[in-house]
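Data from input_29.txt: compact mmCIF, C-alpha atoms and all ligand atoms
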# COMPACT_ATOMS: atom_id res chain seq x y z
CA MET A 1 36.37 -10.04 -0.05
CA ASP A 2 33.07 -11.91 -0.13
CA ASN A 3 32.84 -11.65 3.63
CA LYS A 4 33.15 -7.86 3.70
CA PHE A 5 29.79 -6.21 4.40
CA SER A 6 29.09 -2.50 4.41
CA ILE A 7 26.05 -1.68 6.49
CA ILE A 8 24.65 1.72 5.55
CA GLY A 9 21.63 3.18 7.27
CA ASN A 10 19.99 5.83 9.39
CA ASN A 11 19.18 3.76 12.48
CA ARG A 12 22.38 3.37 14.49
CA ASN A 13 21.05 0.71 16.88
CA ILE A 14 19.76 -1.58 14.18
CA CYS A 15 22.90 -1.12 12.07
CA LEU A 16 25.04 -2.13 15.07
CA GLN A 17 22.73 -5.08 15.83
CA ILE A 18 23.08 -6.34 12.24
CA SER A 19 26.84 -5.79 12.34
CA ALA A 20 27.16 -7.80 15.61
CA ALA A 21 25.09 -10.65 14.17
CA MET A 22 27.24 -10.70 11.03
CA LEU A 23 30.45 -10.74 13.10
CA ASN A 24 29.09 -13.76 14.99
CA ASN A 25 28.87 -15.43 11.60
CA ASP A 26 32.50 -14.50 10.77
CA LYS A 27 31.49 -11.75 8.37
CA CYS A 28 33.59 -8.64 8.45
CA CYS A 29 31.50 -5.45 8.60
CA SER A 30 31.84 -1.73 8.47
CA VAL A 31 28.94 0.49 9.56
CA HIS A 32 28.14 3.88 8.02
CA ILE A 33 25.38 6.03 9.49
CA ALA A 34 23.91 8.21 6.77
CA GLU A 35 20.67 9.91 5.79
CA LYS A 36 19.23 9.61 2.28
CA ASN A 37 20.66 12.89 1.08
CA GLY A 38 24.19 12.02 2.22
CA LEU A 39 24.41 8.81 0.22
CA ASP A 40 25.98 10.19 -2.95
CA GLY A 41 28.89 11.62 -0.98
CA LEU A 42 29.32 8.39 0.99
CA ILE A 43 29.39 6.32 -2.20
CA SER A 44 32.08 8.60 -3.67
CA GLU A 45 34.22 8.33 -0.52
CA GLN A 46 33.89 4.56 -0.12
CA PHE A 47 33.51 3.57 -3.77
CA ASP A 48 36.26 0.92 -3.90
CA ILE A 49 35.21 -0.77 -0.67
CA LEU A 50 31.53 -0.74 -1.64
CA SER A 51 32.31 -2.11 -5.10
CA ASN A 52 34.23 -5.06 -3.71
CA GLY A 53 31.94 -6.21 -0.94
CA ARG A 54 28.28 -6.55 -0.14
CA ILE A 55 26.00 -3.71 0.87
CA ILE A 56 23.10 -3.84 3.36
CA LEU A 57 20.85 -0.78 3.36
CA VAL A 58 19.04 -0.15 6.66
CA PHE A 59 16.35 2.51 6.15
CA ARG A 60 12.66 3.07 6.79
CA ASN A 61 10.52 1.04 4.42
CA GLU A 62 9.17 4.05 2.57
CA GLU A 63 12.68 5.52 2.12
CA LEU A 64 14.06 2.46 0.35
CA LYS A 65 12.67 3.36 -3.08
CA ASP A 66 14.71 6.57 -3.22
CA VAL A 67 17.72 5.08 -1.45
CA THR A 68 18.09 2.17 -3.89
CA GLU A 69 17.69 4.57 -6.82
CA VAL A 70 20.77 6.47 -5.61
CA PHE A 71 22.71 3.17 -5.71
CA TYR A 72 21.23 2.28 -9.12
CA ARG A 73 22.47 5.58 -10.58
CA ARG A 74 25.96 4.79 -9.26
CA GLY A 75 25.95 1.29 -10.79
CA PHE A 76 25.21 -0.91 -7.74
CA PHE A 77 22.74 -3.58 -8.82
CA VAL A 78 23.09 -6.32 -6.20
CA LEU A 79 22.05 -5.08 -2.77
CA SER A 80 20.51 -6.28 0.45
CA ILE A 81 18.01 -4.25 2.40
CA PHE A 82 16.50 -4.19 5.85
CA PRO A 83 13.40 -1.99 6.35
CA TRP A 84 13.85 -1.29 10.06
CA ASP A 85 10.46 0.23 10.82
CA THR A 86 8.34 -2.60 9.40
CA HIS A 87 10.53 -5.70 9.82
CA ARG A 88 12.16 -7.40 12.81
CA PHE A 89 15.82 -8.41 12.74
CA ASP A 90 16.41 -11.90 14.10
CA ASP A 91 19.99 -12.30 15.44
CA ASN A 92 19.73 -16.07 15.05
CA LYS A 93 18.69 -15.81 11.43
CA ALA A 94 20.78 -12.85 10.33
CA ALA A 95 21.20 -13.97 6.73
CA GLU A 96 17.43 -14.54 6.32
CA SER A 97 16.46 -11.29 8.00
CA VAL A 98 18.09 -9.13 5.34
CA ILE A 99 16.48 -9.20 1.91
CA MET A 100 18.51 -9.48 -1.30
CA ILE A 101 17.21 -7.42 -4.20
CA ASP A 102 17.85 -7.06 -7.92
CA ASN A 103 18.44 -3.34 -8.10
CA LYS A 104 18.31 -3.24 -11.92
CA ASN A 105 14.57 -2.71 -11.46
CA PRO A 106 12.93 0.09 -9.46
CA ARG A 107 10.48 -0.25 -6.59
CA LEU A 108 6.74 0.40 -6.87
CA ASP A 109 5.30 2.48 -3.99
CA TYR A 110 2.02 0.80 -3.31
CA VAL A 111 -0.48 -1.81 -4.51
CA GLU A 112 -4.02 -2.74 -3.47
CA ILE A 113 -5.38 -6.25 -3.97
CA GLU A 114 -9.07 -7.11 -3.83
CA VAL A 115 -9.40 -10.27 -1.71
CA SER A 116 -13.18 -10.08 -1.49
CA ARG A 117 -15.52 -8.02 -3.67
CA GLY A 118 -18.51 -7.81 -1.38
CA CYS A 119 -18.66 -6.48 2.15
CA ASN A 120 -20.66 -7.13 5.32
CA LEU A 121 -21.24 -3.39 5.91
CA ASN A 122 -22.71 -1.99 2.67
CA CYS A 123 -21.59 1.59 3.29
CA LYS A 124 -23.30 4.17 1.12
CA GLY A 125 -20.84 5.47 -1.49
CA CYS A 126 -18.22 2.77 -0.79
CA ASN A 127 -14.98 3.64 -2.62
CA GLU A 128 -14.70 0.14 -4.04
CA PHE A 129 -18.43 0.10 -4.88
CA SER A 130 -18.72 -3.06 -2.73
CA ASN A 131 -22.32 -2.34 -1.71
CA LEU A 132 -23.25 -2.92 -5.36
CA LEU A 133 -21.63 -6.35 -5.47
CA ASP A 134 -22.40 -9.94 -4.63
CA LYS A 135 -21.23 -10.81 -1.09
CA SER A 136 -19.95 -14.24 -2.07
CA SER A 137 -17.73 -12.97 -4.88
CA PHE A 138 -14.05 -13.27 -3.99
CA GLY A 139 -10.71 -12.35 -5.56
CA ASP A 140 -8.99 -15.23 -7.32
CA LEU A 141 -5.89 -16.45 -5.48
CA GLU A 142 -4.14 -18.00 -8.50
CA SER A 143 -4.70 -14.95 -10.68
CA THR A 144 -3.43 -12.71 -7.85
CA LYS A 145 -0.28 -14.81 -7.51
CA ARG A 146 0.31 -14.55 -11.28
CA ASP A 147 -0.08 -10.78 -11.15
CA LEU A 148 2.27 -10.48 -8.18
CA LEU A 149 4.89 -12.66 -9.86
CA ARG A 150 4.66 -10.52 -12.98
CA LEU A 151 5.13 -7.40 -10.84
CA LYS A 152 8.18 -9.10 -9.37
CA ASP A 153 9.69 -9.22 -12.89
CA LEU A 154 9.19 -5.47 -13.21
CA PHE A 155 10.00 -4.16 -9.72
CA TRP A 156 12.50 -5.26 -7.07
CA GLY A 157 9.85 -4.69 -4.43
CA ILE A 158 6.69 -2.90 -3.39
CA GLY A 159 6.62 -0.38 -0.54
CA LYS A 160 3.20 -1.22 0.83
CA ILE A 161 0.63 -3.84 -0.17
CA ARG A 162 -2.90 -3.67 1.16
CA LEU A 163 -5.12 -6.74 0.98
CA MET A 164 -8.62 -5.41 1.00
CA GLY A 165 -12.11 -5.59 -0.42
CA GLY A 166 -14.86 -5.21 0.17
CA GLU A 167 -14.17 -6.95 3.42
CA PRO A 168 -11.14 -9.26 2.92
CA LEU A 169 -11.96 -11.45 5.94
CA MET A 170 -15.14 -12.65 4.22
CA ASN A 171 -12.94 -14.70 1.90
CA PRO A 172 -12.11 -17.93 3.77
CA ASP A 173 -8.86 -18.08 1.75
CA PHE A 174 -7.63 -14.71 3.00
CA PRO A 175 -4.71 -16.30 4.94
CA GLU A 176 -3.48 -17.77 1.63
CA PHE A 177 -3.45 -14.29 0.11
CA VAL A 178 -1.40 -13.07 3.07
CA LYS A 179 1.06 -15.95 2.76
CA ALA A 180 1.49 -15.70 -1.02
CA THR A 181 1.95 -11.92 -0.93
CA ARG A 182 4.57 -12.15 1.81
CA GLU A 183 6.46 -14.91 -0.04
CA ILE A 184 6.59 -12.95 -3.29
CA PHE A 185 7.32 -9.55 -1.74
CA PRO A 186 9.30 -10.09 1.49
CA ASP A 187 10.16 -6.37 1.61
CA CYS A 188 6.65 -4.91 1.65
CA ASP A 189 4.75 -3.31 4.51
CA LEU A 190 1.85 -5.77 4.37
CA ARG A 191 -1.59 -4.78 5.67
CA LEU A 192 -5.12 -6.17 5.74
CA LEU A 193 -7.63 -3.33 5.41
CA SER A 194 -10.74 -4.43 7.30
CA ASN A 195 -13.79 -3.01 9.03
CA GLY A 196 -12.87 -5.39 11.88
CA ILE A 197 -16.32 -6.92 12.37
CA LEU A 198 -15.11 -10.47 11.70
CA ILE A 199 -11.89 -10.20 13.72
CA PRO A 200 -13.36 -11.52 17.03
CA LYS A 201 -14.44 -14.65 15.15
CA LEU A 202 -11.08 -15.36 13.48
CA SER A 203 -9.36 -18.57 14.50
CA ARG A 204 -6.12 -18.50 16.45
CA GLU A 205 -4.44 -20.27 13.49
CA ASP A 206 -5.47 -17.57 11.05
CA LEU A 207 -4.30 -14.83 13.39
CA GLN A 208 -0.99 -16.61 13.94
CA MET A 209 -0.55 -16.84 10.16
CA VAL A 210 -1.12 -13.09 9.88
CA LYS A 211 1.44 -12.47 12.62
CA GLU A 212 4.03 -14.89 11.23
CA CYS A 213 3.76 -13.23 7.84
CA ASN A 214 4.56 -9.89 9.48
CA CYS A 215 1.19 -8.56 8.36
CA SER A 216 -0.86 -6.06 10.33
CA PHE A 217 -4.44 -4.78 10.26
CA ASP A 218 -5.64 -1.32 9.25
CA ILE A 219 -9.09 -1.10 10.84
CA SER A 220 -11.65 1.37 9.51
CA VAL A 221 -13.70 2.43 12.53
CA TYR A 222 -17.13 3.12 11.03
CA PRO A 223 -20.13 3.71 13.34
CA PRO A 224 -21.21 0.04 13.75
CA VAL A 225 -17.60 -0.91 14.52
CA LYS A 226 -17.25 1.58 17.40
CA LYS A 227 -19.32 -0.46 19.81
CA MET A 228 -17.31 -3.64 19.21
CA LEU A 229 -13.88 -2.00 19.20
CA LYS A 230 -12.92 -3.37 22.63
CA ARG A 231 -13.52 -6.96 21.48
CA ILE A 232 -11.61 -6.41 18.24
CA LYS A 233 -8.59 -4.95 20.05
CA LYS A 234 -8.64 -7.69 22.70
CA ARG A 235 -8.59 -10.45 20.07
CA LEU A 236 -5.68 -8.87 18.22
CA ASP A 237 -3.74 -8.04 21.38
CA GLU A 238 -4.16 -11.59 22.73
CA ASN A 239 -2.60 -12.89 19.54
CA GLY A 240 0.11 -10.24 19.23
CA VAL A 241 -1.14 -8.98 15.87
CA PRO A 242 -0.37 -5.27 15.28
CA TYR A 243 -3.03 -2.88 13.98
CA THR A 244 -3.87 0.72 13.27
CA LEU A 245 -7.26 2.31 13.91
CA SER A 246 -8.67 4.96 11.61
CA LEU A 247 -10.20 8.08 13.12
CA LYS A 248 -13.69 7.34 14.48
CA ASN A 249 -15.46 9.13 11.70
CA SER A 250 -19.16 9.23 11.02
CA TYR A 251 -18.68 10.97 7.67
CA PHE A 252 -17.79 9.75 4.21
CA PHE A 253 -16.65 11.92 1.30
CA LYS A 254 -17.57 11.83 -2.36
CA SER A 255 -15.72 13.50 -5.20
CA LEU A 256 -16.58 12.00 -8.62
CA LEU A 257 -17.75 14.26 -11.45
CA LYS A 258 -20.10 12.98 -14.12
CA GLU A 259 -18.71 15.40 -16.71
CA PRO A 260 -14.92 15.61 -17.04
CA LEU A 261 -12.79 18.61 -16.14
CA ARG A 262 -10.87 20.23 -19.03
CA SER A 263 -7.53 19.13 -17.58
CA PRO A 264 -6.57 16.29 -15.22
CA VAL A 265 -3.54 18.16 -13.89
CA GLU A 266 -4.99 20.09 -10.97
CA SER A 267 -6.88 17.09 -9.56
CA PHE A 268 -3.78 14.94 -9.79
CA ASN A 269 -1.53 17.57 -8.20
CA ASN A 270 -3.93 18.07 -5.27
CA CYS A 271 -4.69 14.37 -4.85
CA LEU A 272 -3.87 12.63 -1.59
CA PHE A 273 -4.04 9.21 -3.26
CA THR A 274 -1.76 9.41 -6.29
CA HIS A 275 -0.01 6.16 -5.37
CA CYS A 276 -3.16 4.06 -4.94
CA HIS A 277 -2.21 1.54 -7.62
CA GLY A 278 -4.11 -1.72 -7.81
CA ILE A 279 -3.88 -5.10 -9.52
CA ASN A 280 -6.89 -7.03 -10.72
CA ASP A 281 -7.26 -9.89 -13.14
CA GLY A 282 -4.01 -9.34 -15.07
CA TYR A 283 -4.08 -5.52 -15.04
CA LEU A 284 -2.19 -2.88 -13.09
CA SER A 285 -3.95 0.48 -12.68
CA ALA A 286 -2.57 3.84 -11.68
CA CYS A 287 -5.49 4.34 -9.31
CA THR A 288 -8.12 1.99 -7.89
CA ASN A 289 -10.79 4.67 -8.36
CA GLN A 290 -10.29 4.23 -12.05
CA MET A 291 -9.88 0.44 -11.86
CA TYR A 292 -13.31 -0.15 -10.32
CA ALA A 293 -15.29 2.65 -11.99
CA TYR A 294 -16.67 0.11 -14.50
CA ARG A 295 -18.92 -1.02 -11.64
CA LEU A 296 -20.64 2.37 -11.62
CA ASN A 297 -20.93 2.21 -15.41
CA GLU A 298 -22.59 -1.19 -15.18
CA ALA A 299 -24.92 -0.29 -12.32
CA PHE A 300 -26.06 3.14 -13.51
CA GLY A 301 -25.30 3.30 -17.25
CA LEU A 302 -22.52 5.87 -16.75
CA ASN A 303 -19.57 6.34 -19.03
CA PHE A 304 -16.41 6.63 -16.95
CA PRO A 305 -13.22 5.76 -18.89
CA THR A 306 -11.90 2.36 -17.84
CA GLU A 307 -9.31 1.45 -20.48
CA ASP A 308 -6.41 3.38 -18.98
CA LYS A 309 -4.57 0.46 -17.34
CA ILE A 310 -1.51 -1.71 -17.96
CA ASP A 311 -2.00 -5.24 -19.27
CA LEU A 312 0.60 -7.14 -17.26
CA SER A 313 0.76 -10.02 -19.74
CA SER A 314 1.60 -7.94 -22.80
CA THR A 315 3.06 -4.62 -21.69
CA GLU A 316 6.37 -3.64 -23.22
CA LEU A 317 6.99 -1.09 -20.47
CA ASP A 318 9.62 -1.88 -17.85
CA GLY A 319 9.24 -0.90 -14.19
CA TRP A 320 11.02 2.44 -14.70
CA ALA A 321 8.65 3.37 -17.54
CA ILE A 322 5.61 2.31 -15.47
CA ASN A 323 6.73 4.53 -12.58
CA ARG A 324 7.10 7.42 -15.07
CA VAL A 325 3.56 6.80 -16.41
CA PHE A 326 2.20 6.72 -12.85
CA SER A 327 3.88 10.00 -11.94
CA GLN A 328 1.70 11.82 -14.50
CA PRO A 329 -2.04 12.62 -14.38
CA HIS A 330 -4.22 10.12 -16.21
CA GLU A 331 -7.57 10.36 -17.97
CA PHE A 332 -9.65 9.39 -14.95
CA CYS A 333 -8.25 12.33 -12.91
CA ARG A 334 -10.48 14.57 -15.07
CA TYR A 335 -13.43 12.97 -13.31
CA CYS A 336 -12.03 13.58 -9.82
CA GLY A 337 -13.57 16.82 -8.66
CA GLN A 338 -11.43 16.79 -5.51
CA GLY A 339 -14.36 18.61 -3.92
CA MET A 340 -14.54 15.88 -1.29
CA VAL A 341 -18.17 16.59 -0.38
CA PRO A 342 -18.94 15.12 3.08
CA TYR A 343 -22.11 13.20 3.98
CA ARG A 344 -23.18 11.27 7.05
CA TRP A 345 -22.24 7.58 7.06
CA GLU A 346 -25.11 5.15 6.53
CA THR A 347 -25.67 1.72 5.05
CA CYS A 348 -27.11 1.41 1.58
CA PRO A 349 -27.60 -1.99 -0.07
CA ALA A 350 -27.48 -2.32 -3.87
CA HIS A 351 -31.23 -1.99 -4.45
CA LYS A 352 -31.27 1.41 -2.73
CA ALA A 353 -28.02 2.78 -4.18
CA LYS A 354 -28.07 5.71 -6.65
CA ALA A 355 -25.32 7.17 -8.83
CA GLU A 356 -25.61 10.38 -6.75
CA ASP A 357 -24.17 8.46 -3.79
CA TRP A 358 -20.80 8.87 -5.55
CA LEU A 359 -21.25 11.91 -7.81
CA ILE A 360 -20.83 15.56 -6.88
CA GLU A 361 -22.29 18.58 -8.65
CA PRO A 362 -19.76 20.65 -10.66
CA THR A 363 -20.52 23.81 -8.65
CA PHE A 364 -18.03 26.65 -8.15
CA LEU A 365 -17.60 25.57 -4.52
CA ASN A 366 -16.93 21.92 -5.41
CA VAL A 367 -14.72 22.45 -8.43
CA LYS A 368 -12.87 25.70 -7.63
CA VAL A 369 -12.88 26.38 -3.88
CA ALA A 370 -12.68 22.88 -2.40
CA PRO A 371 -9.56 21.92 -4.44
CA LEU A 372 -7.76 24.97 -3.05
CA VAL A 373 -8.62 23.90 0.49
CA GLN A 374 -7.44 20.40 -0.32
CA LYS A 375 -4.18 21.75 -1.74
CA MET A 376 -3.53 23.60 1.54
CA LEU A 377 -4.34 20.49 3.57
CA LYS A 378 -2.32 18.04 1.49
CA ASN A 379 0.98 18.22 3.40
CA PRO A 380 -0.51 18.40 6.94
CA ALA A 381 -2.79 15.46 6.05
CA LYS A 382 0.17 13.43 4.78
CA TRP A 383 2.08 14.17 7.99
CA LEU A 384 -0.92 13.23 10.16
CA ARG A 385 -1.45 9.99 8.27
CA SER A 386 2.20 8.98 8.70
CA LYS A 387 1.83 9.55 12.49
CA ILE A 388 -1.28 7.41 12.94
CA ARG A 389 -0.31 4.72 10.46
CA LYS A 390 2.24 2.82 12.51
CA PRO A 391 0.75 -0.52 13.58
CA ARG A 392 0.93 -1.30 17.29
CA THR A 393 -0.18 -3.98 19.65
CA GLU A 394 -0.57 -4.01 23.42
CA ARG A 395 1.23 -7.32 23.74
CA ARG A 396 3.67 -9.04 21.35
S1 LIG B 1 -16.57 -1.26 5.16
FE1 LIG B 1 -15.22 -0.46 3.58
S2 LIG B 1 -15.34 -1.95 1.89
FE2 LIG B 1 -17.08 -2.34 3.25
S3 LIG B 1 -18.76 -1.19 2.32
FE3 LIG B 1 -17.80 0.11 3.90
S4 LIG B 1 -16.29 1.35 2.79
FE4 LIG B 1 -16.87 -0.38 1.47
S1 LIG B 2 -8.16 9.47 -10.39
FE1 LIG B 2 -6.37 10.80 -10.17
S2 LIG B 2 -7.03 12.48 -8.86
FE2 LIG B 2 -8.53 10.83 -8.63
S3 LIG B 2 -7.88 9.63 -6.87
FE3 LIG B 2 -6.98 8.68 -8.68
S4 LIG B 2 -4.95 9.62 -8.92
FE4 LIG B 2 -6.15 10.92 -7.53
So that I can check it, write out the structure of this file as C-alpha cells.
Amino acid sequence: MDNKFSIIGNNRNICLQISAAMLNNDKCCSVHIAEKNGLDGLISEQFDILSNGRIILVFRNEELKDVTEVFYRRGFFVLSIFPWDTHRFDDNKAAESVIMIDNKNPRLDYVEIEVSRGCNLNCKGCNEFSNLLDKSSFGDLESTKRDLLRLKDLFWGIGKIRLMGGEPLMNPDFPEFVKATREIFPDCDLRLLSNGILIPKLSREDLQMVKECNCSFDISVYPPVKKMLKRIKKRLDENGVPYTLSLKNSYFFKSLLKEPLRSPVESFNNCLFTHCHGINDGYLSACTNQMYAYRLNEAFGLNFPTEDKIDLSSTELDGWAINRVFSQPHEFCRYCGQGMVPYRWETCPAHKAKAEDWLIEPTFLNVKVAPLVQKMLKNPAKWLRSKIRKPRTERR
C-alpha cells in the first residue's frame, strides 16, 4: 500500500502532471479534484483509501493553511503538499518537488525578517523607522536561523516570508538569508522586499541564487526609483528572476496615535495588516509595527508598549495557541488610529526626523470617519493586492 498515492487538489493540470510523474516512478495514484470546501465530504467518501496510502495536497499556497487544518481535524498528520501557484513541479525530481509536512502543527500565515536595519532611501515616516537607524547595521544571520528553526518546531510551514529592511540588499550576506530561509521553509512564498535601487548592481551569482531558491522581488516604486525602473526590470528579466512592482505612488500614509484608543478591537478589525508577524532577535511579534516601535521610543522619548511579543526560547505556547493569540487584537492596536493620513513622499534623514512624521492627531476625522472608510475599502483592497501580487518575469 506504500505506493498508493492520493493526489487531491484544485488544479487539474498540475494534479495530472504529478500523477504522471509518480506513475513513471511505479507509484500508483488516484486523482481527486476538489475545492477547499468539498474536502470534508471527500475525506468521508475515501476515508479507507486515504488512511492506507499517502496524500499529496495540490492547492494555492495561501489555501494550504486551511486545507491542512481540515485534514488535521480528521486525524491525518503525515501529508505532502505542492503549492502550485508559487512552486514549480519538476517531472524529473517528482519526489523532491512535493514537500512532506508534519501536520500535527498548524501553519503560520506570514513572517517578516529584517535583513538590514538601515536603508539607502531614508523615506520620511518609514514604517520600519529605518531612516532613524545606522546604515551599516544588519540583521544577524545566525540568530535569524535559530529563530526560523524554532518556528519550524511550532509550525509545519509559513505561508509567506518577506526578507526586508530597511533595504535588504545593503547586507552583503543577503543571499545567505535567502538560502537559509528556503532550506528551513521549503513551502513558503519567499520574497525580498526592496526599493530596487541596488538591483542593477547585483552580481549574476547573487541573482542566480535568488532564482534557484525560488525567491522573487517585491519592488516598492518610490519616486527616485521610477526613473531607474527600466534598468531594474532589465536586470531581473535577463536573469529570469520574478518580481512584482508596487503602484507608482508619491504618497505615504501615517496612522500612529500618541494616546491610546479605549479599545483595540476596531483598529484590529479594520486593519489590512493583521498577519504582519515578524521575528527579531529571539522574539515573534504579532505585528511589526509593534515590534519596531521601541525605535520611536528611543528616538523621541515616546512610550509605546513594546513588551507584547513571544519569547521563542521560553514560550510554553504551541503553534495552535500562537495562532489563536494572533487572531485577537493586541495592546499596540490601541495606538493604531487607522486614520491613514496621507502625505507627500520625501526623504528625511535621522537628524531632521520628528515624531510627527509618524503620529496623527486624534481628530474626529482621523479616529471616527477614516476607520469607516477603511472598513469599506478592506475587501476591495485585499482583492486588488492579490491581483497585483503575483511575481512575473519577461523571460524565464
Ligand atoms: S525604501 Fe522602504 S525601508 Fe527604505 S526608508 Fe523607504 S520605506 Fe523605509
Ligand atoms: S498594531 Fe494592530 S491594528 Fe495596527 S497594524 Fe498591527 S495588527 Fe493592525
Using all atoms listed in the file, which residues sit within 9 Å of Ala353 in chain A once same-chain residues fewer than 3 positions away are excluded, as an mmCIF file with C-alpha atoms, in the frame of the given file?
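Below you can see around-v3.cif, which holds the result:
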data_model
loop_
_atom_site.group_PDB
_atom_site.id
_atom_site.type_symbol
_atom_site.label_atom_id
_atom_site.label_comp_id
_atom_site.auth_asym_id
_atom_site.auth_seq_id
_atom_site.Cartn_x
_atom_site.Cartn_y
_atom_site.Cartn_z
ATOM 1 C CA LYS A 124 -23.300 4.170 1.120
ATOM 2 C CA GLY A 125 -20.840 5.470 -1.490
ATOM 3 C CA ASN A 131 -22.320 -2.340 -1.710
ATOM 4 C CA LEU A 132 -23.250 -2.920 -5.360
ATOM 5 C CA CYS A 348 -27.110 1.410 1.580
ATOM 6 C CA PRO A 349 -27.600 -1.990 -0.070
ATOM 7 C CA ALA A 350 -27.480 -2.320 -3.870
ATOM 8 C CA GLU A 356 -25.610 10.380 -6.750
ATOM 9 C CA ASP A 357 -24.170 8.460 -3.790
#
Per-residue nearest contacts of chain A to ligand LIG 1 (chain B) (9 Å; all atoms listed in the file) as CSV:
residue,atom,partner,partner_atom,distance
A:Arg117,CA,B:LIG1,S2,8.2
A:Gly118,CA,B:LIG1,FE2,7.3
A:Cys119,CA,B:LIG1,FE2,4.6
A:Asn120,CA,B:LIG1,FE2,6.3
A:Leu121,CA,B:LIG1,S3,4.9
A:Asn122,CA,B:LIG1,S3,4.0
A:Cys123,CA,B:LIG1,S3,4.1
A:Lys124,CA,B:LIG1,S3,7.1
A:Gly125,CA,B:LIG1,S4,7.5
A:Cys126,CA,B:LIG1,FE4,4.1
A:Asn127,CA,B:LIG1,S4,6.0
A:Glu128,CA,B:LIG1,FE4,5.9
A:Phe129,CA,B:LIG1,FE4,6.6
A:Ser130,CA,B:LIG1,FE4,5.3
A:Asn131,CA,B:LIG1,S3,5.5
A:Met164,CA,B:LIG1,S2,7.6
A:Gly165,CA,B:LIG1,S2,5.4
A:Gly166,CA,B:LIG1,S2,3.7
A:Glu167,CA,B:LIG1,S2,5.4
A:Pro168,CA,B:LIG1,S2,8.5
A:Leu193,CA,B:LIG1,FE1,8.3
A:Ser194,CA,B:LIG1,S1,7.0
A:Asn195,CA,B:LIG1,S1,5.1
A:Gly196,CA,B:LIG1,S1,8.7
A:Ser220,CA,B:LIG1,S1,7.1
A:Val221,CA,B:LIG1,S1,8.7
A:Tyr222,CA,B:LIG1,S1,7.3
A:Phe252,CA,B:LIG1,S4,8.7
A:Thr347,CA,B:LIG1,S3,8.0
A:Cys348,CA,B:LIG1,S3,8.8
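Separating CA of Cys215 in chain A from CA of Cys276 in chain A is a distance of 18.8 Å.
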Can you list, as a ChimeraX atom specification, every protein, DNA or RNA residue that comes within 9 Å of Phe174 in chain A when you count only C-alpha atoms, leaving out same-chain residues fewer than 5 positions away? /A:115-116,141,163,168-169,179,206
At a cut-off of 9 Å, using all atoms listed in the file, what residues contact Thr144 in chain A? Leave out same-chain residues fewer than 3 positions from it and give the result as a ChimeraX atom specification. /A:113-115,139-141,147-149,177,180-181,279-282
Return as JSON the box centre and box size in Å, one decimal, for an axis-aligned box around all listed atoms of range 165-174 of chain A padded by 5 Å per side.
{"center_x": -11.4, "center_y": -11.6, "center_z": 2.8, "size_x": 17.5, "size_y": 22.9, "size_z": 16.4}
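Using all atoms listed in the file for every distance, the candidate list A:Asn11, A:Ser313, A:Thr274, A:Gln17 yields A:Thr274 as the residue closest to ligand LIG 2 (chain B).
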Taking all atoms listed in the file into account, which of A:Gln328, A:Ser255, A:Asn323, A:Ser216 comes nearest Ile360 in chain A? A:Ser255
Kindly assemble as JSON lines a list of the chain A residues that lie within 9 Å of ligand LIG 2 (chain B), each paired with its nearest atom pair and their distance in Å to one decimal, using all atoms listed in the file, sorted first by chain and then by ascending residue number.
{"residue": "A:Ser255", "atom": "CA", "partner": "B:LIG2", "partner_atom": "FE2", "distance": 8.4}
{"residue": "A:Leu256", "atom": "CA", "partner": "B:LIG2", "partner_atom": "FE2", "distance": 8.1}
{"residue": "A:Pro264", "atom": "CA", "partner": "B:LIG2", "partner_atom": "S2", "distance": 7.4}
{"residue": "A:Val265", "atom": "CA", "partner": "B:LIG2", "partner_atom": "S2", "distance": 8.4}
{"residue": "A:Glu266", "atom": "CA", "partner": "B:LIG2", "partner_atom": "S2", "distance": 8.2}
{"residue": "A:Ser267", "atom": "CA", "partner": "B:LIG2", "partner_atom": "S2", "distance": 4.7}
{"residue": "A:Phe268", "atom": "CA", "partner": "B:LIG2", "partner_atom": "S2", "distance": 4.2}
{"residue": "A:Asn269", "atom": "CA", "partner": "B:LIG2", "partner_atom": "S2", "distance": 7.5}
{"residue": "A:Asn270", "atom": "CA", "partner": "B:LIG2", "partner_atom": "S2", "distance": 7.3}
{"residue": "A:Cys271", "atom": "CA", "partner": "B:LIG2", "partner_atom": "FE4", "distance": 4.6}
{"residue": "A:Leu272", "atom": "CA", "partner": "B:LIG2", "partner_atom": "FE4", "distance": 6.6}
{"residue": "A:Phe273", "atom": "CA", "partner": "B:LIG2", "partner_atom": "FE4", "distance": 5.1}
{"residue": "A:Thr274", "atom": "CA", "partner": "B:LIG2", "partner_atom": "S4", "distance": 4.1}
{"residue": "A:His275", "atom": "CA", "partner": "B:LIG2", "partner_atom": "S4", "distance": 7.0}
{"residue": "A:Cys276", "atom": "CA", "partner": "B:LIG2", "partner_atom": "FE3", "distance": 7.1}
{"residue": "A:His277", "atom": "CA", "partner": "B:LIG2", "partner_atom": "S4", "distance": 8.6}
{"residue": "A:Ala286", "atom": "CA", "partner": "B:LIG2", "partner_atom": "S4", "distance": 6.8}
{"residue": "A:Cys287", "atom": "CA", "partner": "B:LIG2", "partner_atom": "FE3", "distance": 4.6}
{"residue": "A:Thr288", "atom": "CA", "partner": "B:LIG2", "partner_atom": "FE3", "distance": 6.8}
{"residue": "A:Asn289", "atom": "CA", "partner": "B:LIG2", "partner_atom": "FE3", "distance": 5.5}
{"residue": "A:Gln290", "atom": "CA", "partner": "B:LIG2", "partner_atom": "S1", "distance": 5.9}
{"residue": "A:Phe326", "atom": "CA", "partner": "B:LIG2", "partner_atom": "S4", "distance": 8.7}
{"residue": "A:Gln328", "atom": "CA", "partner": "B:LIG2", "partner_atom": "S4", "distance": 9.0}
{"residue": "A:Pro329", "atom": "CA", "partner": "B:LIG2", "partner_atom": "FE1", "distance": 6.3}
{"residue": "A:His330", "atom": "CA", "partner": "B:LIG2", "partner_atom": "FE1", "distance": 6.4}
{"residue": "A:Glu331", "atom": "CA", "partner": "B:LIG2", "partner_atom": "S1", "distance": 7.7}
{"residue": "A:Phe332", "atom": "CA", "partner": "B:LIG2", "partner_atom": "S1", "distance": 4.8}
{"residue": "A:Cys333", "atom": "CA", "partner": "B:LIG2", "partner_atom": "FE1", "distance": 3.7}
{"residue": "A:Arg334", "atom": "CA", "partner": "B:LIG2", "partner_atom": "S1", "distance": 7.3}
{"residue": "A:Tyr335", "atom": "CA", "partner": "B:LIG2", "partner_atom": "S1", "distance": 7.0}
{"residue": "A:Cys336", "atom": "CA", "partner": "B:LIG2", "partner_atom": "FE2", "distance": 4.6}
{"residue": "A:Gly337", "atom": "CA", "partner": "B:LIG2", "partner_atom": "FE2", "distance": 7.8}
{"residue": "A:Gln338", "atom": "CA", "partner": "B:LIG2", "partner_atom": "S2", "distance": 7.0}
